[in-house]
Amino acid sequence: MLEVSGISRSFGGLKALDGISLSVAQGSITGLIGPNGAGKTTMFGVISGFIAPDAGSVVYQATDITTEPAHLRARRGIARTFQIVQPFAGLSVGENIAVGAYLRHASPSEAKARAEAVAARVGLGAMFDRSASALTVAGRKRLELARALATEPDLLLLDEVLAGLNPSEIRDILPVIQDIRASGVTILMIEHVMQAVMALCDDIFVMAQGRMIAEGKPDAVCRDPMVIEAYLGHGAAARMQEAGNA
Amino acid sequence: MKRRELLFIFALLAALVLVPLLASNLLINFLVTALIVALAAQGWNILGGLGGQISFGHAAFFGTGAYVTELLQLRFGVNAWLAALVGIGVAAALGWTIGAAVFRARLRGSYFALVTLAFAEVLRILANALEFTGGATGLLLKLQPGAAQFQFESRAVFAWIAIAVVGVVLLLTRHIANSRFGAQLVAVRENEDAARALGVDIIATKLRAITLSAAITASAGVLYVQYFLYLDAQIGYGTWISIEALLAAIIGGVGTVAGPVIGALALHALGELTKGFAGSITGIDLVIFGLLLVAAVAFAPAGIVGAWKRYVGGRRNA
């Protein structure tokens, strides 16, 4: 469904992305993990059209969209959430979600009905008329999800929707994500909560320092020495091996 | 809630319609001036209130509407009504052009405000300098009362026309606020990145807003020349109308449907009252305006309409 190849992007002297390629299969939940500063969010920016790459291409459903602006990609069916939540703070929860719904529905009553349905689906039904600024962190994460869902996407990019949530909140939201996939939406997610990544993802890509260092099934990726070293430091894999043998 | 807003709009218009029947010419003059400012403020409110693009230069649109309307009649003998339509159209085109230049350059916030101010000032200086626009002496439209000339012997008739225009714009604003365009415009005001991610074309949305905003404010300029028949650069492109439009909208309630009209009426009523009380002190009304603005920003950032909604909401919850 999504084929990204050879993406590079520098900010001044910093090479944030260095020849990154990844692919997302239709109907899958694909994980994008890696330590802080690996370039994951930059990668999302490139895929969703917020950041122009210096080199490489983004192909979505057999169309090259590398230079297409963000709002046109949203119309194509690519929706994203933001790692740092970006609510329309002056609006109610319902109005926030309705902005997403207006993408496919011009009529106010249809957009509102659609927003209500989405709010119920992510568990914000009771907060519909409350101000978005009154939401808790968990509520704001749900709102990000709800707005993106309201655009009726085919591909949903989730940037750390679980970060900052406590274990019981995470337990509540996992079924919501599974339910979204079950409804036919393909998901690419950046996530640090490994418990969730292992539970949800079909395939995982691992980035570190702007490069793709591993890809594969969740359990294989977790055992990959390169991945362990990226997270725990150089030589960590060997030390773990020794500790295991001792 | 929504229905009550509509009811309020019609009650306000009905009350205004009655005023010219009872009032003296002086009071009608006051009413028409307040309505013209209200209309300019309604235009400002579309872009500044709903869209969050604060303009300091709506005089550019007010003056263009006024000058084009007057010049077409004076220099080319065009019918007044047609001239008015062209005036509004030219101002809308000017709005679009300024928007295309400024929004594409990604100017926002105080930069946008300063650029709009610069456009208005350039136009003021040009209008003041050029022979064609009457220079510093200004332009006087020939008095020829008659509906065909968009001039009326009775001031009341003109007041009713102004009320009708304000009413149409009230309903239009209400329609926009409840529409897809309105929701997207507010989304742009609140957070551009989030809006883009939801498929909103930021530049196109802002361009629609500034074009419409310019057209509405231009219609205020048209009413001004057709009522007072006189125009110079200070009136048309002076900062007074930029400031009054913004002040009326802020004091009445930024981004609300009726706020600009209520703000304009309240400000002008207050201005007249203070002139009556302290007429000997020049500029006292401006001092009061300034104090009011400070008070509004400090204590009622959502303006009169916002404060009223909070009061009613508070009582209902009590």
# chains A, B, ... in the order shown; residues from 1 in each chain; ligands from 1
>>> residues_around(residues="Gly283 (chain B)", least_positions_apart="6", cutoff="10 Å", atoms="only C-alpha atoms", output="JSON, numbers by chain")
{"B": [274, 275, 289]}
>>> write_last_selection(atoms="C-alpha atoms", output="mmCIF file, in the first residue's frame")
data_model
loop_
_atom_site.group_PDB
_atom_site.id
_atom_site.type_symbol
_atom_site.label_atom_id
_atom_site.label_comp_id
_atom_site.auth_asym_id
_atom_site.auth_seq_id
_atom_site.Cartn_x
_atom_site.Cartn_y
_atom_site.Cartn_z
ATOM 1 C CA THR B 274 -19.127 60.997 26.619
ATOM 2 C CA LYS B 275 -19.123 63.768 24.025
ATOM 3 C CA PHE B 289 -12.252 53.856 23.825
#
>>> interface_residues(of="chain A", to="chain B", cutoff="7 Å", atoms="only C-alpha atoms", output="PyMOL selection string")
chain A and resi 70-72+74-75+79-80+86+88-90+99-100+102-103+106+108+148+151
>>> write_last_selection(atoms="N, CA, C and O atoms", output="short mmCIF file (atom, residue, chain, number, x, y, z; two decimals), in the first residue's frame")
data_model
loop_
_atom_site.label_atom_id
_atom_site.label_comp_id
_atom_site.auth_asym_id
_atom_site.auth_seq_id
_atom_site.Cartn_x
_atom_site.Cartn_y
_atom_site.Cartn_z
N ALA A 70 0.45 18.33 2.09
CA ALA A 70 -0.15 17.51 3.14
C ALA A 70 -1.67 17.37 2.99
O ALA A 70 -2.21 16.28 3.15
N HIS A 71 -2.36 18.50 2.68
CA HIS A 71 -3.83 18.41 2.67
C HIS A 71 -4.35 17.51 1.55
O HIS A 71 -5.39 16.89 1.69
N LEU A 72 -3.56 17.44 0.42
CA LEU A 72 -4.00 16.57 -0.67
C LEU A 72 -3.77 15.10 -0.30
O LEU A 72 -4.54 14.23 -0.70
N ALA A 74 -4.06 13.97 2.70
CA ALA A 74 -5.18 13.64 3.59
C ALA A 74 -6.40 13.26 2.76
O ALA A 74 -7.12 12.32 3.08
N ARG A 75 -6.62 14.00 1.65
CA ARG A 75 -7.77 13.69 0.80
C ARG A 75 -7.62 12.33 0.14
O ARG A 75 -8.59 11.64 -0.15
N ALA A 79 -4.05 9.66 6.93
CA ALA A 79 -4.28 10.52 8.09
C ALA A 79 -3.17 10.30 9.10
O ALA A 79 -2.60 9.22 9.17
N ARG A 80 -2.86 11.33 9.86
CA ARG A 80 -1.79 11.20 10.85
C ARG A 80 -2.23 11.79 12.18
O ARG A 80 -3.09 12.66 12.24
N GLN A 86 -1.99 18.15 19.09
CA GLN A 86 -2.30 19.46 18.51
C GLN A 86 -3.81 19.69 18.49
O GLN A 86 -4.41 19.78 17.42
N PHE A 88 -7.45 21.59 18.60
CA PHE A 88 -7.96 22.95 18.40
C PHE A 88 -8.49 23.36 19.77
O PHE A 88 -9.63 23.08 20.12
N ALA A 89 -7.63 24.01 20.57
CA ALA A 89 -7.90 24.16 22.00
C ALA A 89 -9.15 24.98 22.29
O ALA A 89 -9.83 24.74 23.27
N GLY A 90 -9.46 25.92 21.40
CA GLY A 90 -10.62 26.77 21.66
C GLY A 90 -11.95 26.12 21.32
O GLY A 90 -13.00 26.70 21.54
N VAL A 99 -14.09 18.75 12.26
CA VAL A 99 -13.18 19.29 11.24
C VAL A 99 -12.65 18.14 10.38
O VAL A 99 -12.56 18.24 9.15
N GLY A 100 -12.32 17.02 11.02
CA GLY A 100 -11.89 15.85 10.27
C GLY A 100 -13.01 15.30 9.41
O GLY A 100 -12.82 14.96 8.24
N TYR A 102 -15.50 16.80 8.12
CA TYR A 102 -15.85 17.67 6.99
C TYR A 102 -15.04 17.34 5.73
O TYR A 102 -15.42 17.74 4.63
N LEU A 103 -13.96 16.61 5.89
CA LEU A 103 -13.17 16.26 4.71
C LEU A 103 -14.00 15.44 3.71
O LEU A 103 -13.86 15.62 2.50
N ALA A 106 -19.75 17.38 3.31
CA ALA A 106 -19.89 18.83 3.25
C ALA A 106 -21.01 19.32 4.16
O ALA A 106 -20.96 20.44 4.66
N PRO A 108 -23.18 20.06 7.36
CA PRO A 108 -22.89 20.15 8.79
C PRO A 108 -23.56 19.02 9.60
O PRO A 108 -22.94 18.49 10.52
N ALA A 148 -8.26 12.03 13.31
CA ALA A 148 -7.67 11.35 12.16
C ALA A 148 -8.67 10.33 11.59
O ALA A 148 -8.86 10.24 10.38
N THR A 151 -11.54 11.49 9.25
CA THR A 151 -11.28 11.77 7.84
C THR A 151 -11.48 10.51 6.99
O THR A 151 -11.26 10.54 5.79
#
>>> select_by_dssp(residues="region 50-129 of chain A", states="alpha helix (DSSP H)", output="ChimeraX atom specification")
/A:70-76,93-101,108-122
>>> residues_around(residues="Pro69 (chain A)", least_positions_apart="4", cutoff="8 Å", atoms="only C-alpha atoms", output="list of chain:residue names")
A:Gly49, A:Phe50, A:Arg73
>>> residues_around(residues="Val193 (chain A)", least_positions_apart="3", cutoff="12 Å", atoms="only C-alpha atoms", output="list in words")
Gly31, Leu32, Ile33, Gly34, Pro35, Asp159, Glu160, Val161, Leu162, Ala163, Gly164, Leu165, Asn166, Pro167, Ile170, Arg171, Leu174, Met189, Ile190, Ala196, Val197, Met198, Ala199, Leu200 and Cys201 of chain A
>>> residues_around(residues="Val37 (chain B)", least_positions_apart="4", cutoff="9 Å", atoms="only C-alpha atoms", output="list in words")
Val32, Thr33, Ala41, Gln42, Thr217, Ala220, Ile241, Glu244, Ala245, Ala248, Pro260, Val261, Ala264 and Leu265 of chain B
>>> residues_around(residues="Ala258 (chain B)", least_positions_apart="5", cutoff="12 Å", atoms="only C-alpha atoms", output="PyMOL selection string")
chain B and resi 5-13+38-39+41-43+45-46+49+166-174+177+248-253+263-265+303-306+308
>>> closest_residue(among="A:Lys40, A:Arg130, A:His234, A:Arg239", to="Gln83 (chain A)", atoms="only C-alpha atoms")
A:Lys40
